[in-house]
>>> print(open('protein-v1.txt').read())   # compact mmCIF, C-alpha atoms (C1' of nucleotides)
# COMPACT_ATOMS: atom_id res chain seq x y z
CA MET D 1 227.46 55.46 -36.77
CA LEU D 2 230.41 53.51 -38.12
CA THR D 3 231.15 49.83 -37.83
CA ILE D 4 234.58 48.91 -36.61
CA GLY D 5 235.88 48.23 -40.11
CA LYS D 6 234.88 51.65 -41.44
CA LEU D 7 236.26 53.31 -38.35
CA GLY D 8 239.55 51.54 -38.81
CA ALA D 9 239.71 52.48 -42.48
CA GLN D 10 239.01 56.13 -41.73
CA ALA D 11 241.48 56.39 -38.90
CA GLY D 12 244.15 54.23 -40.47
CA VAL D 13 244.08 51.70 -37.64
CA LYS D 14 243.56 47.97 -38.00
CA VAL D 15 240.42 46.43 -36.58
CA PRO D 16 242.10 44.21 -33.97
CA THR D 17 244.07 47.21 -32.82
CA ILE D 18 240.86 49.11 -32.13
CA ARG D 19 239.53 46.21 -30.07
CA TYR D 20 242.86 46.10 -28.27
CA TYR D 21 242.62 49.81 -27.46
CA GLU D 22 239.18 49.25 -26.04
CA GLN D 23 240.43 46.30 -24.02
CA ILE D 24 243.21 48.28 -22.40
CA GLY D 25 240.84 51.16 -21.77
CA ILE D 26 242.19 53.97 -23.92
CA LEU D 27 239.05 53.79 -26.02
CA PRO D 28 235.74 53.63 -24.15
CA GLU D 29 233.53 50.59 -24.62
CA ALA D 30 231.66 51.03 -27.87
CA GLU D 31 227.92 51.01 -28.24
CA ARG D 32 226.56 47.85 -29.80
CA SER D 33 224.12 47.14 -32.58
CA ALA D 34 221.21 44.74 -32.14
CA GLY D 35 223.54 42.02 -33.39
CA ASN D 36 226.25 42.93 -30.85
CA GLN D 37 228.56 44.68 -33.28
CA ARG D 38 230.45 47.77 -32.21
CA LEU D 39 229.19 51.13 -33.42
CA TYR D 40 231.25 54.30 -33.35
CA SER D 41 230.39 57.98 -33.39
CA ARG D 42 232.32 60.81 -34.97
CA LYS D 43 233.73 61.58 -31.53
CA ALA D 44 235.17 58.09 -31.33
CA LEU D 45 236.79 58.62 -34.72
CA GLU D 46 238.42 61.81 -33.47
CA ARG D 47 239.71 60.09 -30.37
CA LEU D 48 241.12 57.24 -32.41
CA ALA D 49 242.75 59.66 -34.85
CA PHE D 50 244.33 61.41 -31.90
CA ILE D 51 245.74 58.10 -30.68
CA ARG D 52 246.93 57.10 -34.12
CA HIS D 53 248.67 60.39 -34.62
CA ALA D 54 250.33 60.32 -31.24
CA ARG D 55 251.50 56.75 -31.87
CA ASP D 56 252.95 57.91 -35.19
CA LEU D 57 254.85 60.53 -33.26
CA GLY D 58 256.28 57.82 -31.04
CA PHE D 59 254.29 58.50 -27.89
CA THR D 60 253.76 55.41 -25.78
CA LEU D 61 250.24 54.30 -24.99
CA GLU D 62 250.89 55.37 -21.40
CA ALA D 63 251.76 58.91 -22.51
CA ILE D 64 248.70 58.91 -24.73
CA ARG D 65 246.55 57.79 -21.84
CA ASP D 66 247.84 60.81 -19.91
CA LEU D 67 247.26 63.18 -22.80
CA LEU D 68 243.74 61.87 -23.26
CA SER D 69 242.90 62.31 -19.62
CA LEU D 70 244.22 65.87 -19.90
CA SER D 71 242.09 66.61 -22.91
CA ASP D 72 239.11 65.12 -21.10
CA ASN D 73 239.41 67.92 -18.49
CA PRO D 74 240.16 70.93 -20.66
CA ASP D 75 240.04 73.50 -17.89
CA GLN D 76 243.35 72.84 -16.26
CA SER D 77 246.75 74.22 -17.17
CA CYS D 78 248.44 72.78 -20.17
CA ALA D 79 251.74 72.45 -18.33
CA ALA D 80 251.36 68.69 -18.03
CA ALA D 81 250.70 68.24 -21.74
CA ASP D 82 253.68 70.45 -22.45
CA ALA D 83 255.85 68.33 -20.17
CA ILE D 84 254.78 65.14 -21.92
CA ALA D 85 255.51 66.62 -25.32
CA LYS D 86 258.89 67.92 -24.16
CA ALA D 87 259.85 64.55 -22.76
CA GLN D 88 258.87 62.99 -26.05
CA LEU D 89 260.94 65.55 -27.92
CA ALA D 90 263.98 64.79 -25.78
CA GLU D 91 263.48 61.09 -26.45
CA VAL D 92 263.30 61.71 -30.18
CA GLU D 93 266.39 63.88 -30.14
CA SER D 94 268.38 61.25 -28.33
CA ARG D 95 267.23 58.54 -30.71
CA LEU D 96 268.17 60.81 -33.61
CA ALA D 97 271.66 61.34 -32.29
CA ARG D 98 272.18 57.63 -31.82
CA LEU D 99 270.82 56.77 -35.22
CA THR D 100 273.01 59.33 -36.91
CA ALA D 101 276.07 57.75 -35.37
CA LEU D 102 274.89 54.27 -36.34
CA LYS D 103 274.32 55.37 -39.90
CA ALA D 104 277.89 56.63 -40.16
CA GLU D 105 279.22 53.38 -38.81
CA LEU D 106 277.06 51.23 -41.06
CA GLU D 107 278.09 53.29 -44.07
CA ARG D 108 281.71 52.71 -43.22
CA MET D 109 281.04 49.01 -42.89
CA VAL D 110 279.28 48.76 -46.21
CA VAL D 111 281.84 50.82 -48.08
CA GLN D 112 284.66 48.73 -46.73
CA CYS D 113 283.15 45.41 -47.73
CA ALA D 114 285.61 44.44 -50.40
CA GLY D 115 283.43 41.69 -51.81
CA GLY D 116 286.00 39.13 -50.79
CA ARG D 117 285.82 36.25 -48.38
CA ILE D 118 284.09 36.50 -45.02
CA ALA D 119 287.44 36.19 -43.33
CA ASP D 120 288.37 39.61 -44.70
CA CYS D 121 284.97 41.19 -44.43
CA ARG D 122 284.94 44.49 -42.60
CA VAL D 123 281.29 44.09 -41.71
CA ILE D 124 282.04 41.12 -39.53
CA GLU D 125 285.30 42.57 -38.32
CA VAL D 126 283.85 45.88 -37.29
CA LEU D 127 281.02 44.21 -35.46
CA GLY D 128 283.48 42.02 -33.62
CA ASP D 129 285.51 44.89 -32.27
CA HIS D 130 283.79 47.67 -30.47
CA SER D 131 287.04 49.60 -30.26
CA LEU D 132 286.80 50.32 -33.97
CA CYS D 133 283.82 52.55 -33.29
CA THR D 134 284.55 56.20 -33.62
CA THR D 135 281.35 57.13 -31.90
CA ASP D 136 280.11 56.11 -28.52
CA HIS D 137 276.53 54.91 -28.60
CA ARG D 138 275.95 53.38 -25.26
CA HIS D 139 272.52 52.60 -23.90
CA PRO D 140 271.67 54.71 -20.85
CA GLU D 141 270.79 51.65 -18.77
CA SER D 142 274.08 49.83 -19.32
CA GLU D 143 276.67 50.98 -16.84
CA ALA D 144 279.15 48.16 -17.11
CA SER D 145 282.91 48.61 -17.17
CA ALA D 146 284.13 50.25 -20.35
CA MET O 1 287.48 31.36 -17.48
CA LEU O 2 284.90 33.94 -16.53
CA THR O 3 281.75 33.51 -14.52
CA ILE O 4 278.59 34.87 -16.04
CA GLY O 5 278.72 38.03 -13.96
CA LYS O 6 282.24 38.97 -15.05
CA LEU O 7 281.38 38.15 -18.64
CA GLY O 8 278.36 40.40 -18.49
CA ALA O 9 280.34 43.22 -16.93
CA GLN O 10 283.05 42.97 -19.57
CA ALA O 11 280.67 42.79 -22.49
CA GLY O 12 278.17 45.29 -21.15
CA VAL O 13 275.33 42.78 -21.17
CA LYS O 14 273.13 41.89 -18.22
CA VAL O 15 273.34 38.43 -16.75
CA PRO O 16 269.76 37.36 -17.53
CA THR O 17 270.28 38.54 -21.09
CA ILE O 18 273.27 36.22 -21.48
CA ARG O 19 271.22 33.29 -20.22
CA TYR O 20 268.47 34.33 -22.62
CA TYR O 21 270.91 34.37 -25.53
CA GLU O 22 272.03 30.88 -24.63
CA GLN O 23 268.42 29.76 -24.37
CA ILE O 24 267.55 30.99 -27.87
CA GLY O 25 270.75 29.52 -29.23
CA ILE O 26 272.76 32.50 -30.34
CA LEU O 27 275.30 31.72 -27.65
CA PRO O 28 276.41 28.09 -27.36
CA GLU O 29 275.74 26.25 -24.13
CA ALA O 30 278.40 27.28 -21.68
CA GLU O 31 280.76 24.93 -19.93
CA ARG O 32 279.91 24.36 -16.30
CA SER O 33 281.94 24.37 -13.11
CA ALA O 34 281.80 21.51 -10.62
CA GLY O 35 278.98 23.42 -8.93
CA ASN O 36 277.02 23.82 -12.17
CA GLN O 37 277.87 27.45 -12.78
CA ARG O 38 278.51 28.70 -16.29
CA LEU O 39 282.10 29.36 -17.33
CA TYR O 40 283.10 31.39 -20.34
CA SER O 41 286.22 31.58 -22.45
CA ARG O 42 287.71 34.60 -24.17
CA LYS O 43 286.09 33.38 -27.38
CA ALA O 44 282.69 33.54 -25.73
CA LEU O 45 283.43 37.10 -24.65
CA GLU O 46 284.25 38.03 -28.24
CA ARG O 47 281.07 36.45 -29.50
CA LEU O 48 279.01 38.26 -26.90
CA ALA O 49 280.73 41.58 -27.69
CA PHE O 50 279.89 41.01 -31.34
CA ILE O 51 276.24 40.46 -30.45
CA ARG O 52 276.17 43.46 -28.14
CA HIS O 53 277.68 45.69 -30.75
CA ALA O 54 275.35 44.52 -33.47
CA ARG O 55 272.36 45.03 -31.15
CA ASP O 56 273.64 48.55 -30.49
CA LEU O 57 273.61 49.08 -34.22
CA GLY O 58 270.00 48.02 -34.34
CA PHE O 59 270.43 44.61 -35.92
CA THR O 60 267.74 42.14 -34.90
CA LEU O 61 268.74 38.92 -33.22
CA GLU O 62 267.71 37.15 -36.41
CA ALA O 63 270.13 39.24 -38.46
CA ILE O 64 272.79 38.63 -35.86
CA ARG O 65 272.15 34.91 -36.02
CA ASP O 66 272.80 35.11 -39.76
CA LEU O 67 275.95 37.19 -39.35
CA LEU O 68 277.26 34.76 -36.75
CA SER O 69 276.66 31.78 -38.98
CA LEU O 70 278.51 33.62 -41.73
CA SER O 71 281.45 34.36 -39.51
CA ASP O 72 281.46 30.71 -38.44
CA ASN O 73 282.20 29.72 -42.07
CA PRO O 74 284.72 32.36 -43.07
CA ASP O 75 285.56 30.92 -46.47
CA GLN O 76 282.49 32.00 -48.39
CA SER O 77 281.84 35.29 -50.11
CA CYS O 78 281.02 38.22 -47.95
CA ALA O 79 278.14 39.22 -50.20
CA ALA O 80 275.58 37.97 -47.69
CA ALA O 81 277.10 39.94 -44.83
CA ASP O 82 277.19 42.96 -47.06
CA ALA O 83 273.51 42.50 -47.93
CA ILE O 84 272.56 42.29 -44.26
CA ALA O 85 274.51 45.42 -43.45
CA LYS O 86 273.01 47.26 -46.40
CA ALA O 87 269.49 46.30 -45.36
CA GLN O 88 270.25 47.54 -41.89
CA LEU O 89 271.59 50.79 -43.28
CA ALA O 90 268.41 51.31 -45.29
CA GLU O 91 266.35 50.65 -42.17
CA VAL O 92 268.36 53.17 -40.21
CA GLU O 93 268.06 55.77 -42.93
CA SER O 94 264.32 55.38 -43.06
CA ARG O 95 264.02 55.63 -39.29
CA LEU O 96 266.20 58.72 -39.39
CA ALA O 97 263.99 60.41 -41.95
CA ARG O 98 260.87 59.66 -39.93
CA LEU O 99 262.41 60.81 -36.69
CA THR O 100 263.59 64.04 -38.23
CA ALA O 101 260.06 64.84 -39.33
CA LEU O 102 258.71 63.92 -35.90
CA LYS O 103 261.21 66.15 -34.22
CA ALA O 104 260.10 69.13 -36.28
CA GLU O 105 256.49 68.49 -35.46
CA LEU O 106 257.15 68.01 -31.75
CA GLU O 107 259.17 71.20 -31.67
CA ARG O 108 256.32 73.09 -33.22
CA MET O 109 253.96 71.60 -30.67
CA VAL O 110 256.14 72.54 -27.75
CA VAL O 111 256.84 76.05 -28.98
CA GLN O 112 253.18 76.68 -29.50
CA CYS O 113 252.13 75.60 -26.04
CA ALA O 114 251.02 78.95 -24.70
CA GLY O 115 250.98 77.81 -21.10
CA GLY O 116 247.28 78.41 -21.00
CA ARG O 117 244.38 76.05 -20.48
CA ILE O 118 244.23 72.61 -22.04
CA ALA O 119 241.36 73.77 -24.18
CA ASP O 120 243.74 76.09 -26.05
CA CYS O 121 246.76 73.81 -25.95
CA ARG O 122 248.34 73.24 -29.34
CA VAL O 123 249.87 69.99 -28.17
CA ILE O 124 246.46 68.45 -27.78
CA GLU O 125 245.06 70.22 -30.79
CA VAL O 126 247.85 69.19 -33.13
CA LEU O 127 247.61 65.61 -31.98
CA GLY O 128 243.90 65.63 -32.60
CA ASP O 129 244.17 66.72 -36.19
CA HIS O 130 246.41 64.84 -38.52
CA SER O 131 245.77 67.38 -41.27
CA LEU O 132 247.88 69.90 -39.36
CA CYS O 133 250.93 67.82 -40.11
CA THR O 134 253.20 69.31 -42.69
CA THR O 135 255.07 66.10 -43.10
CA ASP O 136 253.72 62.72 -43.97
CA HIS O 137 255.05 60.01 -41.71
CA ARG O 138 253.00 57.02 -42.48
CA HIS O 139 253.99 53.56 -41.42
CA PRO O 140 254.75 51.34 -44.40
CA GLU O 141 252.37 48.63 -43.16
CA SER O 142 249.36 50.91 -42.84
CA GLU O 143 247.65 51.32 -46.16
CA ALA O 144 244.27 52.59 -45.06
CA SER O 145 242.34 55.35 -46.76
CA ALA O 146 243.99 58.74 -46.40
C1' DT S 1 218.29 32.24 -50.60
C1' DT S 2 222.69 31.84 -50.53
C1' DA S 3 227.31 33.18 -50.60
C1' DA S 4 230.64 36.28 -49.26
C1' DT S 5 232.25 39.30 -46.31
C1' DG S 6 232.45 41.39 -41.77
C1' DT S 7 232.30 40.95 -36.94
C1' DC S 8 232.33 38.53 -32.51
C1' DT S 9 235.17 36.31 -28.47
C1' DC S 10 239.05 34.00 -26.92
C1' DT S 11 243.57 32.46 -26.90
C1' DA S 12 248.24 32.41 -28.21
C1' DG S 13 252.24 34.43 -30.37
C1' DC S 14 255.91 38.01 -31.68
C1' DA S 15 260.66 40.58 -30.17
C1' DA S 16 263.88 41.12 -26.80
C1' DC S 17 264.26 41.14 -22.88
C1' DT S 18 263.21 41.92 -17.42
C1' DA S 19 261.63 40.47 -12.97
C1' DT S 20 260.41 37.34 -9.41
C1' DA S 21 260.75 33.22 -6.35
C1' DG S 22 263.13 29.89 -4.12
C1' DC S 23 266.92 27.50 -4.20
C1' DT S 24 272.46 26.38 -4.30
C1' DT S 25 277.29 27.66 -4.67
C1' DC S 26 281.18 30.38 -3.83
C1' DA S 27 284.62 33.60 -1.69
C1' DA S 28 286.07 36.15 2.23
C1' DG S 29 286.30 37.28 7.17
C1' DG S 30 286.39 35.88 11.83
C1' DC E 1 285.94 25.54 10.29
C1' DC E 2 281.97 28.30 9.98
C1' DT E 3 279.15 31.75 8.71
C1' DT E 4 277.44 35.32 5.98
C1' DG E 5 276.41 37.69 1.89
C1' DA E 6 276.94 38.04 -2.85
C1' DA E 7 276.45 35.75 -6.96
C1' DG E 8 274.73 31.87 -9.33
C1' DC E 9 271.01 28.38 -10.64
C1' DT E 10 266.13 27.05 -12.74
C1' DA E 11 261.60 28.09 -13.96
C1' DT E 12 257.88 30.93 -14.71
C1' DA E 13 255.49 35.10 -15.70
C1' DG E 14 255.39 39.91 -17.07
C1' DT E 15 256.42 43.82 -20.30
C1' DT E 16 254.79 46.78 -24.86
C1' DG E 17 251.96 47.13 -28.70
C1' DC E 18 250.14 44.84 -31.26
C1' DT E 19 249.01 40.54 -34.76
C1' DA E 20 247.17 36.03 -36.03
C1' DG E 21 244.30 32.19 -35.62
C1' DA E 22 239.98 29.40 -34.55
C1' DG E 23 235.24 28.88 -34.69
C1' DA E 24 230.76 31.09 -34.33
C1' DC E 25 227.38 34.78 -35.47
C1' DA E 26 225.75 39.15 -38.32
C1' DT E 27 225.09 41.64 -42.37
C1' DT E 28 224.78 42.67 -47.12
C1' DA E 29 224.60 42.09 -52.35
C1' DA E 30 223.27 39.21 -56.05
>>> encode(input="protein-v1.txt", output="structure tokens")
Amino acid sequence: MLTIGKLGAQAGVKVPTIRYYEQIGILPEAERSAGNQRLYSRKALERLAFIRHARDLGFTLEAIRDLLSLSDNPDQSCAAADAIAKAQLAEVESRLARLTALKAELERMVVQCAGGRIADCRVIEVLGDHSLCTTDHRHPESEASA
Amino acid sequence: MLTIGKLGAQAGVKVPTIRYYEQIGILPEAERSAGNQRLYSRKALERLAFIRHARDLGFTLEAIRDLLSLSDNPDQSCAAADAIAKAQLAEVESRLARLTALKAELERMVVQCAGGRIADCRVIEVLGDHSLCTTDHRHPESEASA
DNA sequence: TTAATGTCTCTAGCAACTATAGCTTCAAGG
DNA sequence: CCTTGAAGCTATAGTTGCTAGAGACATTAA
């Protein structure tokens, strides 16, 4: 049995985060020692590692909750897990595309900074004028006039 | 003079977001009509477009606050603006590298989903075992035992 | 035994908004 | 002129995923 600190060290998760996960119900309530301290089994460590890893991959806690409930009933089809992973992949691909465009624009900005006065600085200028963008990186939820 | 709704439509920013920006002081307090409604000039539209664009590029509101205060005193050196943009570029590059690794791992997960039962699902399995990762995408702030 | 460290609960804070409630103002049609 | 509906106002609370603090109790090593 591990105390919360050891568990956190082994899983790479901070102690308050573990308590938070318990609070929001993605970790079950831990057993307690005589002195009321949380004690964790190897199974708990695995579950926490799963969560940590999924968080690293950018899954939301909601998606992780779904994945965990899937893995808690291992006899059903894995279509749902597949769908969650595919959605996550699509998310990541879209973020990648956006970031790639941003990187190009930022590089242009930095290169063009002549080291002069602010009044001539391309960084400020480019940011002030959206029409100087070559690429279109619009948020999906903003449908205002272009 | 534009009402807040027109301003938002033109800049591609939602109305409550504009009021929020005023509240936290990155937009100045707007003039008011006789009936207490906010009125905006063309200058305000430019400032809001600047903010919107910088947000699109991933700058935090704090960074934007700095950039705005720079552009409000256009006679100094643009070194500070350059530094902010460079920091942002580094951020973006690091996020890009992480996301690229994540994408590869998610693709592997999805490809390997055999469509069978959860018990055999690679999505769940891969998430449960960090050692199956080929790539190391560790958050900079997590320095726990590996 | 004592000091240091770890853990406990609880509350509040962070970014960057978004949503709701209950009101007032404005513009257009009849 | 009046009404109706959209758009505006303020204020407060909620969101996500933690993180930080206060003040008290537990455990461990010297």
>>> residues_around(input="protein-v1.txt", residues="DC26 of chain S", least_positions_apart="2", cutoff="9 Å", atoms="only C-alpha atoms (C1' of nucleotides)", output="PyMOL selection string")
(chain O and resi 35) or (chain E and resi 6-8)
>>> atom_distance(input="protein-v1.txt", atom1="atom CA of Tyr40 of chain O", atom2="atom CA of Ala81 of chain O")
26.6 Å
>>> residues_around(input="protein-v1.txt", residues="segment 1-10 of chain S", least_positions_apart="2", cutoff="8 Å", atoms="all atoms listed in the file", output="PyMOL selection string")
(chain D and resi 5+36-37) or (chain E and resi 24-27)
>>> closest_atom_pairs(input="protein-v1.txt", of="chain D", to="chain S", cutoff="12 Å", atoms="all atoms listed in the file", output="JSON lines")
{"residue": "D:Thr3", "atom": "CA", "partner": "S:DT7", "partner_atom": "C1'", "distance": 9.0}
{"residue": "D:Ile4", "atom": "CA", "partner": "S:DT7", "partner_atom": "C1'", "distance": 8.3}
{"residue": "D:Gly5", "atom": "CA", "partner": "S:DG6", "partner_atom": "C1'", "distance": 7.8}
{"residue": "D:Lys6", "atom": "CA", "partner": "S:DG6", "partner_atom": "C1'", "distance": 10.5}
{"residue": "D:Val15", "atom": "CA", "partner": "S:DT7", "partner_atom": "C1'", "distance": 9.8}
{"residue": "D:Pro16", "atom": "CA", "partner": "S:DT7", "partner_atom": "C1'", "distance": 10.7}
{"residue": "D:Arg19", "atom": "CA", "partner": "S:DC8", "partner_atom": "C1'", "distance": 10.8}
{"residue": "D:Arg32", "atom": "CA", "partner": "S:DC8", "partner_atom": "C1'", "distance": 11.3}
{"residue": "D:Ser33", "atom": "CA", "partner": "S:DT7", "partner_atom": "C1'", "distance": 11.1}
{"residue": "D:Gly35", "atom": "CA", "partner": "S:DC8", "partner_atom": "C1'", "distance": 9.5}
{"residue": "D:Asn36", "atom": "CA", "partner": "S:DC8", "partner_atom": "C1'", "distance": 7.7}
{"residue": "D:Gln37", "atom": "CA", "partner": "S:DT7", "partner_atom": "C1'", "distance": 6.4}
{"residue": "D:Arg38", "atom": "CA", "partner": "S:DT7", "partner_atom": "C1'", "distance": 8.5}
{"residue": "D:Leu39", "atom": "CA", "partner": "S:DT7", "partner_atom": "C1'", "distance": 11.2}
>>> write_last_selection(input="protein-v1.txt", atoms="C-alpha atoms", output="short mmCIF file (atom, residue, chain, number, x, y, z; two decimals), in the coordinates of the input")
data_model
loop_
_atom_site.label_atom_id
_atom_site.label_comp_id
_atom_site.auth_asym_id
_atom_site.auth_seq_id
_atom_site.Cartn_x
_atom_site.Cartn_y
_atom_site.Cartn_z
CA THR D 3 231.15 49.83 -37.83
CA ILE D 4 234.58 48.91 -36.61
CA GLY D 5 235.88 48.23 -40.11
CA LYS D 6 234.88 51.65 -41.44
CA VAL D 15 240.42 46.43 -36.58
CA PRO D 16 242.10 44.21 -33.97
CA ARG D 19 239.53 46.21 -30.07
CA ARG D 32 226.56 47.85 -29.80
CA SER D 33 224.12 47.14 -32.58
CA GLY D 35 223.54 42.02 -33.39
CA ASN D 36 226.25 42.93 -30.85
CA GLN D 37 228.56 44.68 -33.28
CA ARG D 38 230.45 47.77 -32.21
CA LEU D 39 229.19 51.13 -33.42
#
>>> atom_distance(input="protein-v1.txt", atom1="atom CA of Ala11 of chain O", atom2="atom CA of Leu57 of chain O")
15.1 Å
>>> atom_distance(input="protein-v1.txt", atom1="atom CA of Met1 of chain D", atom2="atom CA of Ser41 of chain D")
5.1 Å
>>> residues_around(input="protein-v1.txt", residues="Gly128 of chain D", least_positions_apart="3", cutoff="9 Å", atoms="all atoms listed in the file", output="count of residues only")
12
>>> axis_aligned_box(input="protein-v1.txt", around="segment 95-105 of chain O", padding_each_side="8 Å", output="lines of an AutoDock Vina configuration file")
center_x = 261.3
center_y = 62.4
center_z = -38.1
size_x = 25.7
size_y = 29.5
size_z = 23.7
>>> closest_residue(input="protein-v1.txt", among="D:Gln23, D:Asn73, D:Gln10, D:Thr17", to="chain E", atoms="only C-alpha atoms (C1' of nucleotides)")
D:Thr17
